[in-house]
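J.: File entry-v5.cif below, mmCIF, C-alpha atoms and all ligand atoms:
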```
data_start
#
loop_
_atom_site.label_atom_id
_atom_site.label_comp_id
_atom_site.auth_asym_id
_atom_site.auth_seq_id
_atom_site.Cartn_x
_atom_site.Cartn_y
_atom_site.Cartn_z
CA MET A 149 -4.04 -25.69 14.95
CA ARG A 150 -1.67 -25.59 17.92
CA THR A 151 0.13 -22.41 18.99
CA VAL A 152 3.29 -24.30 19.87
CA ASP A 153 3.57 -25.65 16.30
CA LEU A 154 3.31 -22.13 14.88
CA ILE A 155 6.01 -20.93 17.29
CA LEU A 156 8.26 -23.78 16.18
CA ARG A 157 7.61 -23.02 12.49
CA LYS A 158 8.39 -19.33 12.98
CA ARG A 159 11.47 -20.24 14.97
CA GLY A 160 12.60 -22.09 11.84
CA ALA A 161 11.80 -18.97 9.75
CA ASP A 162 8.92 -20.71 7.91
CA GLU A 163 6.29 -18.61 6.19
CA LEU A 164 2.93 -18.82 8.01
CA SER A 165 -0.38 -18.70 6.17
CA VAL A 166 -2.97 -15.92 6.53
CA GLU A 167 -5.19 -18.32 8.56
CA GLU A 168 -2.34 -19.22 10.91
CA ILE A 169 -1.56 -15.57 11.58
CA GLN A 170 -5.26 -14.82 12.15
CA PHE A 171 -5.40 -17.74 14.60
CA LEU A 172 -2.51 -16.27 16.63
CA VAL A 173 -3.83 -12.71 16.66
CA ASN A 174 -7.41 -13.68 17.48
CA GLY A 175 -6.33 -16.21 20.11
CA TYR A 176 -4.13 -13.67 21.87
CA THR A 177 -6.74 -10.89 21.70
CA THR A 178 -9.42 -13.10 23.26
CA GLY A 179 -7.06 -14.39 25.95
CA GLU A 180 -6.99 -18.00 24.69
CA ILE A 181 -3.29 -17.76 23.88
CA PRO A 182 -1.31 -16.84 27.01
CA ASP A 183 1.36 -14.14 27.28
CA TYR A 184 4.20 -16.68 27.42
CA GLN A 185 3.28 -18.25 24.09
CA MET A 186 2.76 -14.91 22.38
CA ALA A 187 6.08 -13.68 23.81
CA ALA A 188 7.79 -16.75 22.35
CA PHE A 189 6.13 -16.16 18.98
CA LEU A 190 7.22 -12.51 19.01
CA MET A 191 10.81 -13.50 19.79
CA ALA A 192 10.73 -16.11 17.00
CA THR A 193 9.48 -13.38 14.63
CA TYR A 194 12.19 -11.03 15.84
CA PHE A 195 14.79 -13.58 14.73
CA GLY A 196 12.95 -15.31 11.88
CA GLY A 197 11.44 -12.22 10.23
CA MET A 198 8.35 -12.22 8.03
CA THR A 199 7.63 -12.05 4.32
CA ASP A 200 5.61 -9.12 2.91
CA ARG A 201 2.62 -11.46 2.66
CA GLU A 202 2.90 -12.31 6.36
CA ILE A 203 3.35 -8.65 7.35
CA SER A 204 0.18 -7.75 5.43
CA ALA A 205 -1.73 -10.64 7.03
CA LEU A 206 -0.52 -9.64 10.51
CA THR A 207 -1.49 -6.00 9.93
CA GLU A 208 -4.91 -6.92 8.56
CA SER A 209 -5.65 -9.37 11.43
CA MET A 210 -4.59 -6.80 14.03
CA MET A 211 -6.66 -4.09 12.37
CA GLN A 212 -9.71 -6.41 12.22
CA SER A 213 -9.32 -7.33 15.91
CA GLY A 214 -11.46 -4.30 16.76
CA GLU A 215 -13.65 -1.69 15.15
CA VAL A 216 -12.48 -0.20 11.86
CA ILE A 217 -13.73 3.35 12.23
CA SER A 218 -15.49 5.06 9.37
CA LEU A 219 -15.16 8.84 9.25
CA THR A 220 -16.84 9.33 5.88
CA GLU A 221 -19.57 11.51 7.39
CA ILE A 222 -16.97 14.07 8.49
CA PRO A 223 -16.09 16.33 5.57
CA GLY A 224 -12.47 16.76 4.53
CA VAL A 225 -9.43 14.59 3.94
CA LYS A 226 -8.30 12.74 7.08
CA VAL A 227 -4.57 12.58 7.58
CA ASP A 228 -2.55 11.27 10.51
CA LYS A 229 1.14 11.16 11.41
CA HIS A 230 3.09 8.53 13.33
CA SER A 231 6.68 8.11 14.42
CA THR A 232 8.51 4.80 14.74
CA GLY A 233 9.84 6.01 18.09
CA GLY A 234 12.61 8.23 19.30
CA VAL A 235 13.95 10.05 22.35
CA GLY A 236 12.47 13.47 23.05
CA ASP A 237 10.29 12.93 19.99
CA LYS A 238 7.25 15.07 20.70
CA THR A 239 6.49 16.21 17.14
CA SER A 240 2.98 14.68 17.09
CA LEU A 241 1.84 17.19 19.70
CA ILE A 242 3.08 20.02 17.48
CA CYS A 243 2.47 18.97 13.89
CA ALA A 244 -1.05 17.67 14.56
CA PRO A 245 -2.40 21.01 15.88
CA ILE A 246 -0.61 22.88 13.07
CA ALA A 247 -2.19 20.63 10.42
CA ALA A 248 -5.61 20.81 12.13
CA ALA A 249 -5.37 24.61 12.32
CA ALA A 250 -4.73 24.57 8.55
CA GLY A 251 -7.95 22.61 7.95
CA VAL A 252 -6.79 18.97 7.91
CA VAL A 253 -8.89 16.50 9.90
CA VAL A 254 -6.43 14.62 12.13
CA PRO A 255 -7.67 11.42 13.81
CA MET A 256 -4.70 10.34 15.89
CA ILE A 257 -4.38 6.92 17.53
CA SER A 258 -1.10 6.95 19.42
CA GLY A 259 0.91 4.61 21.58
CA ARG A 260 2.48 4.58 25.01
CA GLY A 261 6.19 4.56 25.74
CA LEU A 262 7.94 1.61 24.12
CA GLY A 263 11.37 0.48 25.31
CA HIS A 264 13.59 3.52 25.75
CA THR A 265 11.30 5.71 23.61
CA GLY A 266 8.48 7.89 24.90
CA GLY A 267 4.83 7.58 23.88
CA THR A 268 2.41 10.32 22.86
CA LEU A 269 -0.32 9.01 25.20
CA ASP A 270 1.94 9.10 28.26
CA LYS A 271 3.02 12.64 27.38
CA LEU A 272 -0.57 13.84 26.97
CA GLU A 273 -1.64 12.18 30.22
CA SER A 274 0.90 14.27 32.11
CA ILE A 275 -1.49 17.19 31.55
CA PRO A 276 -3.77 17.06 34.62
CA GLY A 277 -7.16 15.59 33.69
CA PHE A 278 -6.28 14.73 30.07
CA ARG A 279 -8.17 11.61 28.92
CA THR A 280 -7.12 9.46 25.98
CA ASP A 281 -9.62 6.64 26.65
CA LEU A 282 -12.48 8.14 24.66
CA THR A 283 -15.16 6.03 23.01
CA VAL A 284 -15.36 5.87 19.23
CA GLU A 285 -18.43 8.12 19.37
CA GLN A 286 -16.58 10.74 21.42
CA PHE A 287 -13.63 10.47 19.02
CA ARG A 288 -15.91 11.14 16.04
CA ALA A 289 -17.71 14.01 17.75
CA GLN A 290 -14.47 15.77 18.66
CA LEU A 291 -13.07 15.32 15.16
CA ALA A 292 -16.22 16.85 13.69
CA GLU A 293 -15.96 19.79 16.08
CA LEU A 294 -12.23 20.48 16.35
CA GLY A 295 -10.61 18.50 13.53
CA LEU A 296 -8.19 16.81 15.95
CA CYS A 297 -8.48 14.12 18.58
CA PHE A 298 -5.88 11.97 20.36
CA ILE A 299 -6.79 8.47 21.54
CA GLY A 300 -4.98 5.19 22.18
CA GLN A 301 -5.42 1.63 21.04
CA ASN A 302 -7.99 0.09 23.38
CA ASP A 303 -10.51 -2.74 23.71
CA GLU A 304 -12.61 -1.19 20.95
CA VAL A 305 -9.97 -0.09 18.42
CA SER A 306 -6.85 -2.16 17.67
CA PRO A 307 -7.14 -4.33 20.80
CA ALA A 308 -4.56 -6.75 19.36
CA ASP A 309 -1.97 -3.98 19.07
CA ASN A 310 -2.91 -2.77 22.54
CA ARG A 311 -1.96 -6.15 24.01
CA ILE A 312 0.96 -7.08 21.76
CA TYR A 313 2.55 -3.61 22.10
CA ALA A 314 2.55 -3.86 25.91
CA LEU A 315 4.03 -7.36 25.73
CA ARG A 316 6.77 -6.35 23.27
CA ASP A 317 7.71 -3.45 25.52
CA VAL A 318 8.86 -5.82 28.27
CA THR A 319 10.08 -8.84 26.30
CA GLY A 320 12.87 -7.38 24.17
CA THR A 321 10.88 -7.73 20.95
CA VAL A 322 10.46 -4.14 19.86
CA GLU A 323 13.16 -3.70 17.19
CA SER A 324 11.64 -5.78 14.42
CA VAL A 325 10.48 -4.52 11.01
CA PRO A 326 7.39 -6.80 10.78
CA LEU A 327 6.34 -6.09 14.37
CA ILE A 328 6.80 -2.32 14.14
CA ALA A 329 5.19 -2.07 10.69
CA SER A 330 2.13 -4.13 11.67
CA SER A 331 1.76 -2.34 15.01
CA ILE A 332 1.77 1.10 13.43
CA MET A 333 -0.19 0.33 10.29
CA SER A 334 -2.92 -1.76 11.99
CA LYS A 335 -3.97 1.06 14.29
CA LYS A 336 -3.56 3.72 11.62
CA MET A 337 -5.66 1.76 9.12
CA ALA A 338 -8.34 1.28 11.79
CA GLU A 339 -8.87 4.99 12.38
CA GLY A 340 -10.57 5.96 9.13
CA ILE A 341 -7.74 7.94 7.51
CA ASP A 342 -7.17 8.75 3.84
CA ALA A 343 -3.45 9.45 4.14
CA LEU A 344 -0.58 9.07 6.58
CA VAL A 345 2.77 10.76 7.16
CA LEU A 346 5.39 8.58 8.85
CA ASP A 347 8.50 9.70 10.64
CA VAL A 348 10.91 6.76 10.49
CA LYS A 349 13.69 7.40 12.96
CA VAL A 350 17.24 6.19 12.38
CA GLY A 351 20.28 6.35 14.62
CA ASN A 352 21.53 5.58 18.10
CA GLY A 353 18.21 6.55 19.74
CA ALA A 354 15.97 4.77 17.24
CA PHE A 355 14.90 1.14 16.87
CA MET A 356 16.46 1.16 13.40
CA LYS A 357 20.18 1.85 13.73
CA THR A 358 21.09 2.12 10.04
CA GLN A 359 19.54 3.94 7.11
CA VAL A 360 19.22 0.64 5.21
CA GLU A 361 17.07 -0.84 8.01
CA ALA A 362 15.05 2.37 8.30
CA ARG A 363 14.40 2.36 4.56
CA ARG A 364 13.22 -1.26 4.76
CA LEU A 365 10.79 -0.33 7.52
CA ALA A 366 9.59 2.74 5.60
CA GLN A 367 9.09 0.70 2.43
CA ALA A 368 7.19 -2.00 4.35
CA MET A 369 4.76 0.56 5.75
CA VAL A 370 4.36 2.50 2.49
CA GLY A 371 3.67 -0.87 0.80
CA ILE A 372 0.98 -1.81 3.34
CA GLY A 373 -0.63 1.59 2.79
CA ARG A 374 -0.58 1.15 -0.97
CA ARG A 375 -2.19 -2.29 -0.74
CA MET A 376 -4.91 -0.76 1.45
CA ASP A 377 -5.41 2.12 -0.97
CA LYS A 378 -4.06 4.85 1.31
CA LYS A 379 -1.47 7.44 0.44
CA VAL A 380 1.49 6.98 2.79
CA GLN A 381 4.65 9.06 2.79
CA ALA A 382 7.60 8.40 5.09
CA LEU A 383 10.41 10.74 6.09
CA ILE A 384 13.57 9.06 7.35
CA THR A 385 14.96 11.38 10.03
CA ASP A 386 18.03 11.48 12.21
CA MET A 387 17.78 10.24 15.80
CA ASN A 388 21.44 10.36 16.83
CA GLN A 389 20.63 12.72 19.67
CA PRO A 390 17.37 13.55 21.45
CA LEU A 391 15.02 15.81 19.52
CA GLY A 392 14.82 19.17 21.26
CA TYR A 393 16.16 19.36 24.81
CA ALA A 394 13.46 17.70 26.94
CA VAL A 395 13.08 13.94 27.54
CA GLY A 396 10.31 12.74 29.88
CA ASN A 397 6.56 13.21 29.77
CA ALA A 398 5.69 16.50 31.53
CA LEU A 399 9.07 17.99 30.57
CA GLU A 400 8.25 17.29 26.93
CA VAL A 401 4.80 18.85 27.25
CA MET A 402 6.50 22.03 28.48
CA GLU A 403 8.72 22.03 25.39
CA VAL A 404 5.69 21.41 23.16
CA SER A 405 3.98 24.43 24.66
CA GLN A 406 7.08 26.57 24.11
CA THR A 407 7.39 25.35 20.53
CA LEU A 408 3.74 26.07 19.76
CA GLN A 409 4.41 29.56 21.13
CA LYS A 410 7.37 30.05 18.75
CA ALA A 411 10.03 29.59 21.40
CA GLY A 412 10.96 25.98 20.72
CA PRO A 413 14.28 24.38 19.78
CA ALA A 414 15.31 24.72 16.12
CA ASP A 415 15.43 20.98 15.29
CA LEU A 416 12.07 20.24 16.87
CA THR A 417 10.41 23.22 15.21
CA ARG A 418 11.88 22.41 11.81
CA LEU A 419 10.85 18.75 11.81
CA SER A 420 7.38 19.46 13.20
CA LEU A 421 6.79 22.06 10.47
CA GLU A 422 7.92 19.68 7.72
CA LEU A 423 5.69 16.87 9.03
CA ALA A 424 2.75 19.29 9.30
CA ALA A 425 3.41 20.57 5.77
CA ARG A 426 3.28 17.02 4.39
CA MET A 427 0.02 16.40 6.26
CA ILE A 428 -1.42 19.61 4.80
CA PHE A 429 -0.29 18.66 1.29
CA LEU A 430 -1.63 15.08 1.51
CA GLY A 431 -4.79 16.58 3.01
CA LYS A 432 -5.20 18.50 -0.28
CA ILE A 433 -5.43 21.84 1.50
CA THR A 434 -2.77 23.32 -0.83
CA PRO A 435 -1.87 22.37 -4.42
CA THR A 436 1.89 22.23 -3.76
CA LEU A 437 4.17 21.14 -0.94
CA ASP A 438 5.84 24.56 -0.90
CA GLU A 439 2.51 26.25 -0.29
CA ALA A 440 1.82 23.72 2.44
CA ARG A 441 5.15 24.60 4.08
CA LYS A 442 4.21 28.28 4.03
CA LEU A 443 0.76 27.57 5.48
CA ALA A 444 2.23 25.39 8.26
CA GLU A 445 4.59 28.19 9.22
CA ASP A 446 1.75 30.75 9.19
CA LYS A 447 -0.37 28.57 11.48
CA LEU A 448 2.47 28.25 13.93
CA MET A 449 3.40 31.92 13.78
CA ASP A 450 -0.10 33.39 14.07
CA GLY A 451 -0.83 31.34 17.20
CA SER A 452 -3.68 29.34 15.70
CA ALA A 453 -1.89 26.00 16.18
CA TYR A 454 -1.35 26.74 19.86
CA LYS A 455 -5.00 27.79 20.20
CA LYS A 456 -6.05 24.51 18.56
CA PHE A 457 -3.92 22.49 20.98
CA ARG A 458 -5.43 24.31 23.98
CA GLN A 459 -8.95 23.61 22.66
CA VAL A 460 -8.12 19.92 22.26
CA VAL A 461 -6.63 19.73 25.77
CA GLN A 462 -9.79 21.30 27.18
CA ALA A 463 -12.08 19.05 25.12
CA GLN A 464 -10.28 15.93 26.39
CA GLY A 465 -10.64 16.93 30.04
CA GLY A 466 -7.19 18.46 30.50
CA ASN A 467 -6.39 21.76 32.11
CA PRO A 468 -5.13 24.09 29.33
CA GLN A 469 -3.75 26.50 31.95
CA ALA A 470 -1.04 23.91 32.65
CA LEU A 471 0.40 24.75 29.22
CA ASP A 472 1.33 28.22 30.48
CA ARG A 473 1.69 27.54 34.17
CA PHE A 474 4.15 24.67 34.39
CA ASP A 475 3.70 24.45 38.16
CA LEU A 476 0.32 22.85 37.33
CA LEU A 477 2.09 19.96 35.57
CA PRO A 478 3.63 17.10 37.59
CA ASN A 479 6.92 18.39 38.94
CA ALA A 480 9.98 16.46 40.05
CA THR A 481 11.15 16.79 43.64
CA GLY A 482 14.88 16.58 42.96
CA MET A 483 17.40 17.58 40.33
CA ARG A 484 20.95 16.39 39.67
CA GLU A 485 23.40 18.00 37.26
CA VAL A 486 25.72 16.04 34.96
CA LEU A 487 28.92 17.98 34.28
CA SER A 488 31.40 17.84 31.43
CA PRO A 489 34.67 16.18 32.48
CA ARG A 490 36.65 18.30 30.00
CA ALA A 491 36.55 21.22 27.60
CA GLY A 492 35.84 20.65 23.91
CA PHE A 493 32.94 20.08 21.55
CA VAL A 494 30.03 17.72 22.20
CA SER A 495 30.67 15.21 19.44
CA ALA A 496 28.02 12.57 20.24
CA ILE A 497 25.07 11.99 22.56
CA LYS A 498 23.85 8.41 22.84
CA ALA A 499 20.13 9.13 22.71
CA GLU A 500 19.13 5.58 23.64
CA ASP A 501 20.98 5.87 26.95
CA ILE A 502 19.31 9.20 27.71
CA GLY A 503 15.97 7.51 27.00
CA ARG A 504 16.89 4.49 29.16
CA ALA A 505 17.94 6.73 32.05
CA SER A 506 14.64 8.57 31.85
CA GLN A 507 12.75 5.24 31.67
CA MET A 508 14.72 3.94 34.66
CA MET A 509 13.76 6.97 36.75
CA GLY A 510 10.08 6.17 36.04
CA ALA A 511 9.21 7.87 32.75
CA GLY A 512 8.71 4.47 31.07
CA ARG A 513 7.79 0.92 32.07
CA MET A 514 10.13 -1.91 33.04
CA VAL A 515 7.20 -4.36 33.48
CA LYS A 516 3.67 -4.11 32.06
CA GLU A 517 2.10 -3.13 35.38
CA ASP A 518 4.48 -0.20 36.08
CA VAL A 519 2.81 3.15 36.65
CA ILE A 520 4.43 6.07 34.82
CA ASP A 521 5.95 8.92 36.79
CA HIS A 522 5.08 11.84 34.52
CA ALA A 523 7.33 14.31 36.31
CA VAL A 524 10.74 12.73 35.77
CA GLY A 525 13.20 12.95 32.91
CA VAL A 526 16.25 14.68 31.52
CA ILE A 527 16.79 18.18 30.18
CA LEU A 528 19.83 18.59 27.95
CA GLU A 529 21.76 21.80 28.28
CA VAL A 530 23.81 21.20 25.13
CA LYS A 531 23.41 19.46 21.80
CA VAL A 532 25.90 17.88 19.42
CA GLY A 533 28.33 20.45 18.00
CA GLU A 534 28.22 22.85 20.97
CA LYS A 535 31.35 23.99 22.78
CA VAL A 536 31.64 23.18 26.50
CA GLU A 537 34.09 23.97 29.27
CA ALA A 538 35.32 21.50 31.88
CA GLY A 539 32.65 21.46 34.60
CA SER A 540 29.89 23.02 32.50
CA VAL A 541 26.45 21.41 32.77
CA LEU A 542 25.69 18.85 30.06
CA CYS A 543 22.22 18.00 31.30
CA ARG A 544 19.98 17.87 34.36
CA LEU A 545 18.19 14.79 35.70
CA TYR A 546 14.78 15.44 37.27
CA TYR A 547 13.65 12.72 39.67
CA THR A 548 11.10 11.96 42.37
CA GLY A 549 12.81 8.93 43.97
CA GLU A 550 16.46 8.01 44.34
CA GLU A 551 16.16 4.26 43.81
CA HIS A 552 17.62 4.24 40.29
CA LEU A 553 19.14 7.70 40.29
CA ASP A 554 22.83 6.74 40.49
CA GLU A 555 22.43 4.15 37.75
CA ALA A 556 20.59 6.65 35.56
CA ALA A 557 23.21 9.34 36.20
CA ASP A 558 26.04 6.94 35.25
CA LEU A 559 24.26 6.07 32.02
CA VAL A 560 23.76 9.72 31.14
CA GLU A 561 27.35 10.69 31.99
CA ASP A 562 28.53 7.99 29.65
CA ALA A 563 26.13 9.08 26.91
CA PHE A 564 28.04 12.29 26.16
CA ARG A 565 31.28 12.39 24.13
CA VAL A 566 33.34 15.56 24.30
CA SER A 567 36.16 15.84 21.73
CA ASN A 568 38.70 18.37 20.53
CA ALA A 569 37.28 18.75 17.05
CA ARG A 570 33.84 20.13 16.19
CA PRO A 571 31.83 17.26 14.62
CA GLU A 572 30.37 17.57 11.14
CA GLU A 573 26.78 18.76 11.08
CA ARG A 574 24.23 16.04 10.35
CA GLU A 575 21.15 16.39 8.18
CA LEU A 576 17.91 16.12 10.16
CA ILE A 577 15.73 14.91 7.28
CA LEU A 578 17.60 12.23 5.36
CA GLU A 579 15.24 10.74 2.84
CA VAL A 580 11.62 10.62 1.66
CA VAL A 581 9.99 7.27 0.82
CA GLY A 582 6.64 7.07 -0.98
N1 LIG B 1 5.12 2.88 17.29
C1 LIG B 1 4.16 1.93 17.30
O1 LIG B 1 2.98 2.24 17.33
N2 LIG B 1 4.53 0.64 17.29
C2 LIG B 1 5.81 0.26 17.26
O2 LIG B 1 6.07 -0.92 17.24
C3 LIG B 1 6.82 1.25 17.26
C4 LIG B 1 6.45 2.57 17.27
#
```
Using structure tokens, write down the structure that the file contains.

T.:
Amino acid sequence: MRTVDLILRKRGADELSVEEIQFLVNGYTTGEIPDYQMAAFLMATYFGGMTDREISALTESMMQSGEVISLTEIPGVKVDKHSTGGVGDKTSLICAPIAAAAGVVVPMISGRGLGHTGGTLDKLESIPGFRTDLTVEQFRAQLAELGLCFIGQNDEVSPADNRIYALRDVTGTVESVPLIASSIMSKKMAEGIDALVLDVKVGNGAFMKTQVEARRLAQAMVGIGRRMDKKVQALITDMNQPLGYAVGNALEVMEVSQTLQKAGPADLTRLSLELAARMIFLGKITPTLDEARKLAEDKLMDGSAYKKFRQVVQAQGGNPQALDRFDLLPNATGMREVLSPRAGFVSAIKAEDIGRASQMMGAGRMVKEDVIDHAVGVILEVKVGEKVEAGSVLCRLYYTGEEHLDEAADLVEDAFRVSNARPEERELILEVVG
């Protein structure tokens, strides 16, 4: 088998066999297939697409590229949550501790920033000392003790996704149903879960721009779960503006801490509670979804979710004091305000451009080797629907270097639309699949 022939076949939108897909995944994981050939294959897939059979084969090969963890010795139903990627999307750090505080065992394998979207691992690593590179044994031990552990794909678990994800990030091959579905489902199926809640983002800050595309992605992932005998439920949720106000790693951790202490933004709190409720329900902690919603709210309100998060931060080497004392988190050295050019109502915020500006300032990677600057990002002062005056602050850019600051500021200025009429309110949760 020759890699170049498989690239050519995929370029022509041919269906590849299970063996051919295994050959590509194994060859790339072991280093026999170089980056440039894998990048070409990913681009061919981006344009040529994949059949359901190919998506399943890709997921299975990626999952089998490393250890498939068994958690059967840990009592309880294991449920995880994953998002397809958004801007300011920090719900994992909120819904996971809520669900764990309610008694669900939450093994969470997360990703790093991808394209203009942030990654859970990068956010967690902005907490001084926090380690996500635990061994499988450490992962199991923490789950048994605390019911929640955050790790990343690595050389042991989902190594194929680890490598392909980083390559997609810098080769313009992120926004593809087969590549997103296999990336997410391969690592989720490798972590020993019984059920999974997915947050499929749709809108100007998501990889899927229309609800039809988002539904296709949701159905693909629910289908993979079904074929692997796991219960998977997907919410399709709006990403036409950043979630909450904070975008950027340490800035988002601050907002997570506020939300876990009942002082978070309404949209972020609402979505995190709904995701947690679905995890609790799939985790069979309550007989009905309504009871799960009530329990999720109780665990947020009585402080036990925040306590759980602090315990997890401590257990993974992080300094939990940084969750209350934000001066212990990485802090930017400069701040620039973006002002409204006119009075009116904020009628749109292009979330992707806010994410790109943040990435450009150092919150994400432009090439694989880039080191993240955890301090930088954007804090919105207003959200869609709010009234502003000419000259009022729309958002603040937090930076540590000025190299890309002007470019980022231009992008952000352009991201806001201010109009005479108040825009119609959008639903946050649009649809449930599965
Ligand atoms: N999250 C992932 O883990 N992979 C993707 O491709 C997109 C979001």

J.: Please identify every residue of chain A that has at least one atom no farther than 7 Å from an atom of ligand LIG 1 (chain B), counting only C-alpha atoms and all ligand atoms, and for each give the shortest atom pair and the distance in Å to one decimal, arranged by chain then increasing number, as CSV.

T.:
```
residue,atom,partner,partner_atom,distance
A:Ser231,CA,B:LIG1,N1,6.2
A:Thr232,CA,B:LIG1,C4,4.0
A:Gly233,CA,B:LIG1,C4,4.9
A:Ser258,CA,B:LIG1,O1,6.6
A:Gly259,CA,B:LIG1,O1,5.3
A:Leu262,CA,B:LIG1,C3,7.0
A:Tyr313,CA,B:LIG1,O2,6.6
A:Val322,CA,B:LIG1,O2,6.0
A:Leu327,CA,B:LIG1,O2,5.9
A:Ile328,CA,B:LIG1,O2,3.5
A:Ala329,CA,B:LIG1,O2,6.7
A:Ser331,CA,B:LIG1,N2,4.7
A:Ile332,CA,B:LIG1,O1,4.2
```

J.: Measuring between all atoms listed in the file, which one of A:Leu423, A:Ile312, A:Arg279, A:Gly224 shows the shortest distance to Leu172 of chain A?

T.: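 Closest to Leu172 of chain A of all the choices is A:Ile312.
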
J.: Pick from A:Asp153, A:Ala188, A:Lys271, A:Ala250: nearest to Thr434 of chain A, with all atoms listed in the file counted?

T.: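 Answer, going by the shortest atom-to-atom distance: A:Ala250.
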
J.: So how far away is atom CA of Asn397 of chain A from atom CA of Asp270 of chain A, in Å?

T.: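 Between atom CA of Asp270 of chain A and atom CA of Asn397 of chain A the gap works out to 6.4 Å.
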
J.: Once you count all atoms listed in the file, what closest atom pair and distance in Å to one decimal does each residue of segment 365-434 of chain A within 10 Å of segment 520-540 of chain A have, with rows by chain and rising residue number, as a tab-separated table?

T.:
```
residue	atom	partner	partner_atom	distance
A:Asn388	CA	A:Val532	CA	9.1
A:Gln389	CA	A:Val532	CA	7.4
A:Pro390	CA	A:Lys531	CA	8.5
A:Leu391	CA	A:Lys531	CA	9.4
A:Gly392	CA	A:Leu528	CA	8.4
A:Tyr393	CA	A:Leu528	CA	4.9
A:Ala394	CA	A:Ile527	CA	4.7
A:Val395	CA	A:Val526	CA	5.1
A:Gly396	CA	A:Gly525	CA	4.2
A:Asn397	CA	A:His522	CA	5.2
A:Ala398	CA	A:Ala523	CA	5.5
A:Leu399	CA	A:Gly525	CA	6.9
A:Glu400	CA	A:Gly525	CA	8.9
```

J.: Kindly indicate which residue among A:Tyr454, A:Phe564, A:Phe278, A:Tyr547 lies nearest to Pro245 of chain A, using all atoms listed in the file for the distances.

T.: A:Tyr454

J.: Would you mind reading off the distance between atom CA of Lys455 of chain A and atom CA of Ala249 of chain A, one decimal, in Å?

T.: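 Atom CA of Ala249 of chain A lies 8.5 Å from atom CA of Lys455 of chain A.
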
J.: Could the centre and edge lengths of an axis-aligned box, enclosing all atoms of segment 368-383 of chain A in the file with 3 Å extra on each side, be given in Å to one decimal as JSON?

T.:
```
{"center_x": 2.5, "center_y": 4.2, "center_z": 2.6, "size_x": 21.8, "size_y": 19.0, "size_z": 13.1}
```

J.: Could you jot down the atom CA of Val284 of chain A to atom CA of Val461 of chain A separation for me, Å, one decimal place?

T.: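 One can read the atom CA of Val284 of chain A to atom CA of Val461 of chain A distance as 17.6 Å.
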
J.: Excluding Thr548 of chain A and residues on its chain fewer than 3 positions from it, collect all residues at most 7 Å away from it, counting all atoms listed in the file, and give them as a list in words.

T.: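 Everything that qualifies: Ala480, Thr481, Gly482 and Val524 of chain A.
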
J.: Using all atoms listed in the file, can you tell me which of A:Ser204, A:Cys243, A:Gly277, A:Glu555 comes closest to Asn467 of chain A?

T.: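 Among the listed residues, A:Gly277 lies closest to Asn467 of chain A.
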
J.: Might you pull out every residue within 12 Å of Thr268 of chain A, with all atoms listed in the file counted and same-chain residues fewer than 4 positions away left off, and present them as a VMD selection string?

T.: chain A and resid 229 to 242 244 256 to 262 272 to 275 280 298 to 301 396 to 398 400 to 401 404 512

J.: Using only C-alpha atoms, which residues sit within 10 Å of Glu202 of chain A once same-chain residues fewer than 6 positions away are excluded, as JSON, numbers by chain?

T.: {"A": [163, 164, 165, 166, 168, 169, 208, 326, 330]}

J.: Rank nothing, just name the residue among A:Gly175, A:Gly160, A:Gly196, A:Gly431 nearest to Val253 of chain A, using only C-alpha atoms.

T.: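 For Val253 of chain A, the nearest of the given residues is A:Gly431.
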
J.: Could you pull out every residue with an atom within 12 Å of (37.1, 21.7, 15.1), file coordinates, counting all atoms listed in the file, and send them as a short mmCIF file (atom, residue, chain, number, x, y, z; two decimals) with C-alpha atoms, keeping the file's coordinate frame?

T.:
```cif
data_model
loop_
_atom_site.label_atom_id
_atom_site.label_comp_id
_atom_site.auth_asym_id
_atom_site.auth_seq_id
_atom_site.Cartn_x
_atom_site.Cartn_y
_atom_site.Cartn_z
CA GLY A 492 35.84 20.65 23.91
CA PHE A 493 32.94 20.08 21.55
CA VAL A 494 30.03 17.72 22.20
CA SER A 495 30.67 15.21 19.44
CA GLY A 533 28.33 20.45 18.00
CA GLU A 534 28.22 22.85 20.97
CA LYS A 535 31.35 23.99 22.78
CA VAL A 566 33.34 15.56 24.30
CA SER A 567 36.16 15.84 21.73
CA ASN A 568 38.70 18.37 20.53
CA ALA A 569 37.28 18.75 17.05
CA ARG A 570 33.84 20.13 16.19
CA PRO A 571 31.83 17.26 14.62
CA GLU A 572 30.37 17.57 11.14
CA GLU A 573 26.78 18.76 11.08
#
```

J.: Applying 10 Å and only C-alpha atoms, which residues near Leu291 of chain A remain after dropping the ones on its own chain fewer than 4 positions away? List them as a compact mmCIF listing (two decimals) with C-alpha atoms, in the coordinates of the input.

T.:
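Writing done, so here's around_28.txt:
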```txt
# COMPACT_ATOMS: atom_id res chain seq x y z
CA LEU A 219 -15.16 8.84 9.25
CA ILE A 222 -16.97 14.07 8.49
CA LYS A 226 -8.30 12.74 7.08
CA ALA A 248 -5.61 20.81 12.13
CA VAL A 253 -8.89 16.50 9.90
CA VAL A 254 -6.43 14.62 12.13
CA PRO A 255 -7.67 11.42 13.81
CA MET A 256 -4.70 10.34 15.89
CA GLU A 285 -18.43 8.12 19.37
CA GLN A 286 -16.58 10.74 21.42
CA PHE A 287 -13.63 10.47 19.02
CA GLY A 295 -10.61 18.50 13.53
CA LEU A 296 -8.19 16.81 15.95
CA CYS A 297 -8.48 14.12 18.58
CA PHE A 298 -5.88 11.97 20.36
CA VAL A 460 -8.12 19.92 22.26
```
